[in-house]
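Encoded as structure tokens, the structure appears first; notes follow it.
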Amino acid sequence: MNASLYSRVMSFTNARLWKLAHIDVLLMVSLLLLISGGLVVLYSASGQREDVVERQMVRLALGFGLCIVLAQLPPKYMRRFSPILFLVAVCLLAAVLFFGVGAKGAQRWLEIPGGVRFQPSELMKVIMPMMIAWYFSDRHLPPRLKHIIIVLIVIMLPVLMIARQPDLGTSLLVAVSGLFVLFLAGLQWRYIIGSFALAPLVGFSLWQVMHSYQKQRVLTFLDPESDPLGSGWNIIQSKTAIGSGGIHGKGWLEGTQAQLDFLPESHTDFIIAVLAEEFGMIGCITLLVGYLLIIARGLYISTMAEDNYARLLAGSLTLTFFVYLFVNIGMVSGILPVVGVPLPLISYGGTSIITIMATFGILMSIQTHKKAR
Amino acid sequence: MDQRQKYFRNYRQEKSLTQRRVIVSGVLVLIMVGILVSRLFYLQVVEFDRYQTKANDNRVMLIPEPPPRGLVYDRNGVVLADNRPIHSLTITPERVKNFSVLQDELNDILEISTEEWDAFNAKRKSYRRPYQSITLKQHLTDSEWAKLSVDLYKWDGVQVEAQLTRYYPYGEAFAHAVGYVGRITEKDLQKVNPDTYQGALYIGKSGIEDFYESDLFGVPGLSKLEVNARGRIMSEIERQNPVPGKDIQLHLDARLQQYAFDALGDYTGSVIAIDPKTGGILALVSKPSYDSNLFVRGISYSDYDVLRNSPRLPLFNRALRGGYPPASTIKPFMALAGLESGFASWNDRYYAHGFYQINPNGRRYRDWKRGGHGWIDLERSLIESVDTYYYQLAHKMGVTPIHDFLEKFGFGKSTILDLNGASNGLLPSNEWKKAKYREPWYPGDSVNIGIGQGFMVATPIQIAAATSAIANRGVWHPPRMAKQVGNSIPQFSESPSGLQNITLKNQRNWLKVTEAMEKVISDPKGTARRLQGTPYKIAGKTGTGQVFSLQEDEEYEADKLAKRLHDHALFIGFAPSKQPEIVIFSIFENGGSSSKPADLSKKLFDAYLLDDYPKKYDYLKGANS
């Protein structure tokens with residue numbers, strides 16, 4: 001019975017049709033499961049607003065469309081276009097600095113005539129690992145010092161541009177996505193250990209260039225109770241929401257922190273707190289298992305990839321995806337500063353869903369365009 | 001070409017290098033997920049109770065609902081302490097966009113003092129629950145309320161709230177009897193349970209309001225409300241209605257009280273009227289007085305200064321705390337003391353000179369009548385108020401029997417059951433003088449006590465209560481204000497100061513003293529003969545208390561003295577004398593002659609016994625009279 005079920009599942013996932021459509025079934029199913037769960041939480045977190053859920057579904061549909069389109073594109077073309085895409089993205093970032101629009105003292109968006117806004121820094125999250133993977137694709141691995149330095153410079157350029165918008169969270173994530181490629185390319189452990197030793201120094205110099213509101217975020221993170229009605233409010237309320245959920249949670253739509261608006265940003269960055277409050281620790285672990293499935297599949301795709309470019313890109317994209325997850329849950333639960341990173345695939349919001357679905361399109365492409373052996 | 005070869009050469013090695021790195025990453029991912037899970041475990045399992053409480057505290061707002069305060073009525077149902085709605089201007093700071101603009105706009109419409117703004121801003125900046133309103137201005141007048149209502153829609157977060165406030169409709173005459181409520185201070189909160197007083201505006205500060213605070217206050221209600229982060233009420237979880245405070249009915253007769261107050265005229269002084277059958281206080285007047293309503297709002301410094309610095313001491317409750325020499329009103333008690341101790345009898349005759357000397361060349365203790373009264377007996381000593389008789393009686397008795405006997409009547413003790421702050425007066429004794437002055441008791445000290453002067457000090461309520469003991473022939477009913485609290489008669493331990501009914505060796509002496517006191521009025525030589533002609537019989541005794549000591553040969557000449565040095569004029573009396581229904585004590589400070597308090601007493605007797613009130617007091621008649 002079990003054996004027949006397993007074989008049936010395997011035959012479904014290995015069906016030629018999927019291969020022809022360039023869809024990785026395991027990844028797709030995990031994504032769909034996670035997303036459906038996310039919509040359920042979003043309905044509660046938005047204060048039971050169907051229009052919010054509908055808009056999110058439209059975005060997800062767009063994301064899946066992009067995912068499937070990108071999956072059709074063979075990795076070799078991606079590799080070929082990587083440096084051009086990178087240049088275009090850097091130009092767009094420059095444009096943001098000069099013509100960008102935004103709110104709350106940050107310039108993050110470009111406005112295309114016709115009213116569409118988009119965030120070039122989001123594009124960079126995908127293009128950065130493509131660029132670095134391209135750089136290493138026909139070079140000797142592990143990289144020599146010269147290449148390491150060149151790559152670091154290439155990473156720093158867009159990172160600094162994004163940091164100037166200012167958008168500390170995204171700039172760090174973009175940096176991380178590039179650095180992951182370097183790591184997977186076999187960056188020598190002595191450099192890794194050395195840079196961790198230098199981290200305090202870097203931290204100090206970062207502190208010097210940070211904006212006051214960013215410094216404030218770090219300070220309230222260190223002592224949120226110092227300003228309970230101001231900047232510490234978010235963390236205190238999200239911890240309260242998570243903690244009061246307990247093991248089993250208060251039940252769907254029954255979370256008082258979320259439903260009575262004590263939890264700020266409950267349907268965007270802090271949505272995990274809603275899940276934790278209403279579904280408890282059981283719900284959180286289920287969510288983490290879902291994410292781990294996706295990450296495991298991504299890493300598997302990376303190890304099975306055909307060439308260095310695909311391997312490095314797939315690994316970096318997957319790990320970056322994990323970093324979003326970790327940073328978001330870490331900040332909502334109060335072990336990391338509040339840096340404004342959404343919970344991937346679940347938080348309400350446009351650009352990030354599109355970018356993330358694009359990464360999964362790339363992963364599927366890498367997995368499905370392999371020459372049969 | 002060279003590169004290409006290298007590439008081929010290292011292909012597998014490079015692949016496995018990256019694969020190893022991916023596996024290392026996978027392990028790191030698991031470790032970090034482990035960190036997240038342990039964080040969730042810490043928050044959701046270890047600290048669950050703390051956060052659950054916190055979430056509930058967020059969600060549930062407890063709003064105490066102060067109970068309506070019990071009303072105070074007189075014996076005929078006249079409301080002496082009432083509750084009235086007032087309107088206050090309150091602001092929810094979180095909903096105000098621009099404070100300085102709001103401040104300017106409100107200042108244009110209302111007169112808001114800088115103190116009010118300061119108090120408001122202090123509350124706004126201190127730690128408080130968000131989205132709770134803060135009172136800016138209390139007691140809006142009708143026109144202020146009207147002006148505000150027009151513009152209220154313009155300002156978010158500004159509202160007018162209605163509350164009940166205490167109101168004393170009949171003003172000064174009742175202030176010392178009923179007392180007043182005032183704002184709750186830190187000190188008040190130490191005496192009561194602060195939780196109970198959450199949301200309450202007032203606490204009893206003096207008089208009935210103070211003594212019966214716990215009955216009048218009631219039990220506060222509590223609304224458990226579910227609120228959102230903006231303080232909006234989402235639902236009511238639970239509600240306990242407040243239990244209103246108990247109404248209190250006093251023995252006080254509002255008409256009699258007001259009449260007595262007015263009858264004192266411009267004099268300072270005090271009037272006490274007691275129903276001897278119950279000890280119920282029918283009137284308790286201390287003049288001058290003040291408007292209790294001033295204290296309800298929180299009295300302004302300037303108003304308070306005027307009251308506190310007035311030389312006539314309007315805040316001083318003379319009825320309970322005024323220490324006066326009882327003067328000749330002590331004589332009936334001295335007569336009984338002499339009879340009881342065997343130093344006096346009804347039959348002994350005594351020749352009353354114009355003065356009394358302890359020894360032949362000693363100090364002359366003068367009688368009020370220059371030439372003396374001639375041959376008199378005990379009864380006549382009361383009728384004509386013969387000082388020398390009581391000089392010699394007190395001298396013969398010595399202080400101890402006098403002290404012990406007078407003590408039975410409540411002198412030297414606080415006897416009133418339900419008002420706080422009564423003073424003990426002073427009933428001197430041997431021991432007292434030794435402790436106070438380190439001097440023995442001299443015979444001369446006793447002589448002065450005999451006519452209620454010297455060291456002896458008594459309060460109006462003490463003299464009135466002692467008089468009602470004579471009226472009652474020794475049956476002791478401690479004076480009391482409240483007739484009924486809620487639906488029940490207040491229970492006191494009947495002798496809080498250890499006082500018991502007084503039994504004389506010869507109980508007929510009560511009657512004989514009463515008859516002598518009747519003759520104070522009915523005898524042609526009686527000191528209160530001006531009160532003759534009433535359809536009921538009055539028993540009474542006059543008194544004039546020296547404010548300062550005359551020198552031995554000095555004459556008391558009223559018109560040569562400043563008014564503040566005039567004698568205090570006192571009168572005690574009860575009527576009808578055989579079945580007394582009312583006992584009256586009155587004192588006119590510096591009144592000079594006891595005719596003033598005697599006339600006042602007659603007015604009150606007529607009023608109370610014959611319902612002979614001036615028409616103007618009809619508004620205080622009440623429904624039950």
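The way I read the labels, and the way they are meant: chains A, B, ... in the order of the structure tokens, residue 1 as the first residue of every chain, and ligand 1 as the first ligand shown, with later ones counted on from there.
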
Contact check, chain A to chain B, at most 8 Å, counting only C-alpha atoms, closest pairs as CSV:
residue,atom,partner,partner_atom,distance
A:Asp138,CA,B:Tyr7,CA,7.6
A:Arg139,CA,B:Tyr7,CA,7.7
A:His140,CA,B:Tyr7,CA,6.8
A:Leu141,CA,B:Glu14,CA,5.9
A:Pro142,CA,B:Glu14,CA,7.4
A:Phe183,CA,B:Arg21,CA,7.3
A:Leu184,CA,B:Thr18,CA,5.2
A:Ala185,CA,B:Thr18,CA,5.9
A:Gly186,CA,B:Leu17,CA,6.4
A:Lys239,CA,B:Leu43,CA,7.2
A:Thr240,CA,B:Tyr51,CA,5.0
A:Ala241,CA,B:Ala55,CA,6.9
A:Ile242,CA,B:Gln44,CA,6.4
A:Gly243,CA,B:Gln44,CA,4.2
A:Ser244,CA,B:Gln52,CA,4.2
A:Gly245,CA,B:Gln44,CA,6.3
A:Gly246,CA,B:Gln44,CA,4.3
A:Ile247,CA,B:Gln44,CA,6.2
A:Thr256,CA,B:Arg59,CA,6.7
A:Gln257,CA,B:Ala55,CA,6.6
A:Leu260,CA,B:Asn228,CA,4.3
A:Asp261,CA,B:Ala229,CA,5.3
A:Phe262,CA,B:Ala229,CA,4.7
A:Gly280,CA,B:Gln44,CA,7.4
A:Met281,CA,B:Gln44,CA,6.6
A:Ile285,CA,B:Val37,CA,7.4
A:Leu288,CA,B:Val33,CA,7.7
A:Ala296,CA,B:Gly26,CA,7.6
A:Leu299,CA,B:Val22,CA,6.6
A:Ser302,CA,B:Val22,CA,7.6
A:Thr303,CA,B:Gln19,CA,5.3
A:Asp307,CA,B:Lys15,CA,7.8
A:Asn308,CA,B:Lys15,CA,7.0
A:Arg311,CA,B:Thr18,CA,7.4
A:Leu312,CA,B:Thr18,CA,7.4
A:Gly315,CA,B:Val22,CA,6.6
A:Leu319,CA,B:Ser25,CA,7.7
A:Phe322,CA,B:Val29,CA,7.5
A:Phe326,CA,B:Met32,CA,7.5
A:Ile329,CA,B:Leu36,CA,7.3
A:Gly330,CA,B:Leu36,CA,6.8
A:Ser333,CA,B:Arg39,CA,7.3

Any chance you can output those residues with C-alpha atoms as a PDB file, in the first residue's frame?
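What landed in part16.pdb:
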ATOM      1  CA  ASP A 138      34.485  29.821 -16.204  1.00  0.00           C
ATOM      2  CA  ARG A 139      37.086  30.509 -13.622  1.00  0.00           C
ATOM      3  CA  HIS A 140      39.128  28.217 -11.533  1.00  0.00           C
ATOM      4  CA  LEU A 141      37.611  27.274  -8.178  1.00  0.00           C
ATOM      5  CA  PRO A 142      38.375  27.863  -5.368  1.00  0.00           C
ATOM      6  CA  PHE A 183      31.138  30.929  -0.211  1.00  0.00           C
ATOM      7  CA  LEU A 184      29.785  28.168  -2.433  1.00  0.00           C
ATOM      8  CA  ALA A 185      32.572  28.846  -4.913  1.00  0.00           C
ATOM      9  CA  GLY A 186      34.907  27.646  -2.226  1.00  0.00           C
ATOM     10  CA  LYS A 239       6.689  39.042  21.325  1.00  0.00           C
ATOM     11  CA  THR A 240       3.485  39.262  23.324  1.00  0.00           C
ATOM     12  CA  ALA A 241       1.532  37.906  20.375  1.00  0.00           C
ATOM     13  CA  ILE A 242       3.931  35.021  19.832  1.00  0.00           C
ATOM     14  CA  GLY A 243       4.275  34.172  23.512  1.00  0.00           C
ATOM     15  CA  SER A 244       0.576  34.327  24.244  1.00  0.00           C
ATOM     16  CA  GLY A 245      -0.087  31.858  21.433  1.00  0.00           C
ATOM     17  CA  GLY A 246       1.442  29.085  23.494  1.00  0.00           C
ATOM     18  CA  ILE A 247       1.680  25.612  22.063  1.00  0.00           C
ATOM     19  CA  THR A 256      -6.435  39.242  20.353  1.00  0.00           C
ATOM     20  CA  GLN A 257      -3.119  40.916  19.612  1.00  0.00           C
ATOM     21  CA  LEU A 260      -7.478  44.152  18.085  1.00  0.00           C
ATOM     22  CA  ASP A 261      -4.648  45.894  16.247  1.00  0.00           C
ATOM     23  CA  PHE A 262      -2.110  45.707  19.031  1.00  0.00           C
ATOM     24  CA  GLY A 280       0.740  28.407  18.393  1.00  0.00           C
ATOM     25  CA  MET A 281       4.055  26.651  18.293  1.00  0.00           C
ATOM     26  CA  ILE A 285       6.838  24.438  13.328  1.00  0.00           C
ATOM     27  CA  LEU A 288       9.168  25.980   9.282  1.00  0.00           C
ATOM     28  CA  ALA A 296      16.072  21.258   0.974  1.00  0.00           C
ATOM     29  CA  LEU A 299      19.906  22.792  -2.140  1.00  0.00           C
ATOM     30  CA  SER A 302      22.051  22.987  -6.533  1.00  0.00           C
ATOM     31  CA  THR A 303      24.069  19.866  -5.855  1.00  0.00           C
ATOM     32  CA  ASP A 307      27.681  23.352 -14.271  1.00  0.00           C
ATOM     33  CA  ASN A 308      29.309  25.754 -11.892  1.00  0.00           C
ATOM     34  CA  ARG A 311      25.244  25.206  -8.989  1.00  0.00           C
ATOM     35  CA  LEU A 312      26.405  28.479  -7.536  1.00  0.00           C
ATOM     36  CA  GLY A 315      22.708  27.382  -3.985  1.00  0.00           C
ATOM     37  CA  LEU A 319      20.313  30.252   0.889  1.00  0.00           C
ATOM     38  CA  PHE A 322      16.488  31.106   3.877  1.00  0.00           C
ATOM     39  CA  PHE A 326      15.564  33.737   9.258  1.00  0.00           C
ATOM     40  CA  ILE A 329      11.319  35.418  12.111  1.00  0.00           C
ATOM     41  CA  GLY A 330      14.372  36.553  14.050  1.00  0.00           C
ATOM     42  CA  SER A 333      10.592  37.203  17.731  1.00  0.00           C
TER      43      SER A 333
END

Review point. Leu26 (chain A): which residues within 8 Å, counting only C-alpha atoms, same-chain residues fewer than 2 positions away excluded, as a PyMOL selection string?
Key: chain A and resi 13+24+28-30+297

Quick one: write out the picked residues with C-alpha atoms as a JSON list (two decimals), in the first residue's frame?
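Saved file out.json follows:
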[["chain", "number", "residue", "atom", "x", "y", "z"],
["A", 13, "THR", "CA", 6.45, 13.75, -10.10],
["A", 24, "ASP", "CA", 9.80, 20.81, -10.71],
["A", 28, "MET", "CA", 5.91, 23.53, -6.96],
["A", 29, "VAL", "CA", 3.82, 21.47, -4.54],
["A", 30, "SER", "CA", 5.77, 22.71, -1.51],
["A", 297, "ARG", "CA", 14.74, 20.94, -2.57]]

Exercise for review: With a distance cut-off of 8 Å and only C-alpha atoms, select the neighbouring residues of Ser594 (chain B), excluding the residue or stretch itself and same-chain residues fewer than 4 positions from it, and output the selection as number ranges by chain.
Suggested key: B: 542-544, 569-571, 598

Review point. With only C-alpha atoms as the basis for distance, which of B:Leu201, B:Leu378, B:Ile582, B:Leu80 is at the shortest distance from Gln258 (chain B)?
Key: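 Ranking B:Leu201, B:Leu378, B:Ile582, B:Leu80 by distance to Gln258 (chain B), first place goes to B:Leu80.
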
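For Glu278 (chain A), the non-local neighbours within 7 Å, defined as residues at least 4 positions apart in the same chain or in other chains and counting only C-alpha atoms, are Gly245, Gly249, Lys250, Gly251, Trp252, Leu253, Glu254, Gly255 and Val274 of chain A.
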
Practice item. Find the spatial neighbours of Glu265 (chain A), counting only C-alpha atoms, within a cut-off of 12 Å - ignore same-chain residues fewer than 5 positions away - and output them as a PyMOL selection string. Key: chain A and resi 42+45-47+233-235+237-238+257-259+270-274+332+338+340-343+347-349

Expected file: the selected residues, C-alpha atoms, as an mmCIF file, in the first residue's frame:
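The result, written out as again_31.cif:
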data_model
loop_
_atom_site.group_PDB
_atom_site.id
_atom_site.type_symbol
_atom_site.label_atom_id
_atom_site.label_comp_id
_atom_site.auth_asym_id
_atom_site.auth_seq_id
_atom_site.Cartn_x
_atom_site.Cartn_y
_atom_site.Cartn_z
ATOM 1 C CA LEU A 42 -3.206 36.633 5.729
ATOM 2 C CA ALA A 45 -3.956 39.148 9.767
ATOM 3 C CA SER A 46 -5.594 41.652 7.432
ATOM 4 C CA GLY A 47 -8.621 41.841 9.682
ATOM 5 C CA TRP A 233 6.116 48.986 20.684
ATOM 6 C CA ASN A 234 6.469 46.717 17.630
ATOM 7 C CA ILE A 235 8.809 44.252 19.273
ATOM 8 C CA GLN A 237 3.649 43.578 20.908
ATOM 9 C CA SER A 238 4.960 40.929 18.523
ATOM 10 C CA GLN A 257 -3.119 40.916 19.612
ATOM 11 C CA ALA A 258 -3.707 40.638 15.887
ATOM 12 C CA GLN A 259 -7.451 41.159 15.719
ATOM 13 C CA PHE A 270 4.938 40.853 11.341
ATOM 14 C CA ILE A 271 2.586 38.245 9.908
ATOM 15 C CA ILE A 272 4.477 35.386 11.546
ATOM 16 C CA ALA A 273 3.330 36.756 14.904
ATOM 17 C CA VAL A 274 -0.262 36.324 13.809
ATOM 18 C CA VAL A 332 9.638 39.467 14.844
ATOM 19 C CA VAL A 338 13.664 45.240 13.024
ATOM 20 C CA GLY A 340 11.877 45.499 7.448
ATOM 21 C CA VAL A 341 12.267 42.134 5.781
ATOM 22 C CA PRO A 342 8.981 40.470 4.845
ATOM 23 C CA LEU A 343 8.259 36.816 5.498
ATOM 24 C CA SER A 347 3.718 38.643 3.967
ATOM 25 C CA TYR A 348 1.409 40.898 2.018
ATOM 26 C CA GLY A 349 3.277 42.938 -0.535
#

**Study point:** In region 303-526 of chain B, DSSP strand (DSSP E) residues written as a list in words
**Key:** Arg349, Tyr350, Tyr351, Ala352, Phe355, Tyr356, Gln357, Arg364, Tyr365, Arg366, Gly374, Trp375, Ile376, Asp377, Ala482, Lys483, Gln484 and Val485 of chain B

With N, CA and C atoms kept, could you save the residues just selected as a short mmCIF file (atom, residue, chain, number, x, y, z; two decimals), in the first residue's frame?
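result_21.cif was written with the following content:
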data_model
loop_
_atom_site.label_atom_id
_atom_site.label_comp_id
_atom_site.auth_asym_id
_atom_site.auth_seq_id
_atom_site.Cartn_x
_atom_site.Cartn_y
_atom_site.Cartn_z
N ARG B 349 -29.13 76.69 104.97
CA ARG B 349 -29.19 78.09 104.55
C ARG B 349 -27.80 78.67 104.57
N TYR B 350 -27.61 79.66 103.74
CA TYR B 350 -26.26 80.20 103.57
C TYR B 350 -26.41 81.69 103.37
N TYR B 351 -25.54 82.46 104.07
CA TYR B 351 -25.60 83.92 103.87
C TYR B 351 -24.61 84.31 102.79
N ALA B 352 -25.13 84.86 101.70
CA ALA B 352 -24.29 85.17 100.56
C ALA B 352 -23.87 86.63 100.60
N PHE B 355 -18.78 88.70 98.22
CA PHE B 355 -17.55 88.02 97.81
C PHE B 355 -17.31 86.85 98.74
N TYR B 356 -16.35 86.03 98.36
CA TYR B 356 -16.01 84.87 99.17
C TYR B 356 -14.51 84.87 99.37
N GLN B 357 -14.09 84.55 100.64
CA GLN B 357 -12.66 84.47 100.94
C GLN B 357 -12.36 83.12 101.54
N ARG B 364 -10.36 88.02 97.49
CA ARG B 364 -11.82 88.07 97.47
C ARG B 364 -12.32 87.53 96.14
N TYR B 365 -13.12 86.46 96.22
CA TYR B 365 -13.77 85.94 95.01
C TYR B 365 -15.13 86.59 94.93
N ARG B 366 -15.33 87.41 93.94
CA ARG B 366 -16.49 88.28 93.90
C ARG B 366 -17.71 87.57 93.37
N GLY B 374 -27.72 87.81 100.26
CA GLY B 374 -28.31 87.62 101.58
C GLY B 374 -28.54 86.15 101.87
N TRP B 375 -29.56 85.86 102.72
CA TRP B 375 -29.82 84.46 103.08
C TRP B 375 -30.43 83.72 101.91
N ILE B 376 -29.79 82.64 101.55
CA ILE B 376 -30.30 81.83 100.44
C ILE B 376 -30.19 80.36 100.80
N ASP B 377 -30.83 79.52 99.99
CA ASP B 377 -30.59 78.07 100.09
C ASP B 377 -30.11 77.56 98.72
N ALA B 482 -26.73 60.69 63.08
CA ALA B 482 -27.49 59.90 62.11
C ALA B 482 -28.64 59.18 62.77
N LYS B 483 -29.79 59.26 62.11
CA LYS B 483 -30.98 58.57 62.58
C LYS B 483 -31.09 57.24 61.86
N GLN B 484 -30.74 57.27 60.60
CA GLN B 484 -30.89 56.07 59.79
C GLN B 484 -29.81 56.08 58.70
N VAL B 485 -29.14 54.94 58.57
CA VAL B 485 -28.12 54.81 57.51
C VAL B 485 -28.60 53.71 56.59
#

Exercise for review: Just the residues within 6 Å of region 154-163 of chain B, please, counting only C-alpha atoms, with nothing from its chain fewer than 5 positions along; format it as JSON, numbers by chain.
Suggested key: {"B": [85, 86, 87, 88, 89, 90, 91, 92, 95, 96]}

Review point. How far is it from CA of Leu160 (chain A) to CA of Pro337 (chain A), in Å with one decimal?
Key: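 Between these atoms lies a distance of 19.8 Å.
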
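In this model, the gap between CA of Glu238 (chain B) and CA of His248 (chain A) comes to 25.9 Å.
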
Exercise for review: Please provide the set of residues having any atom within 6 Å of region 609-620 of chain B, restricted to only C-alpha atoms, with same-chain residues fewer than 2 positions apart removed, written as number ranges by chain.
Suggested key: B: 254-255, 605-607, 622
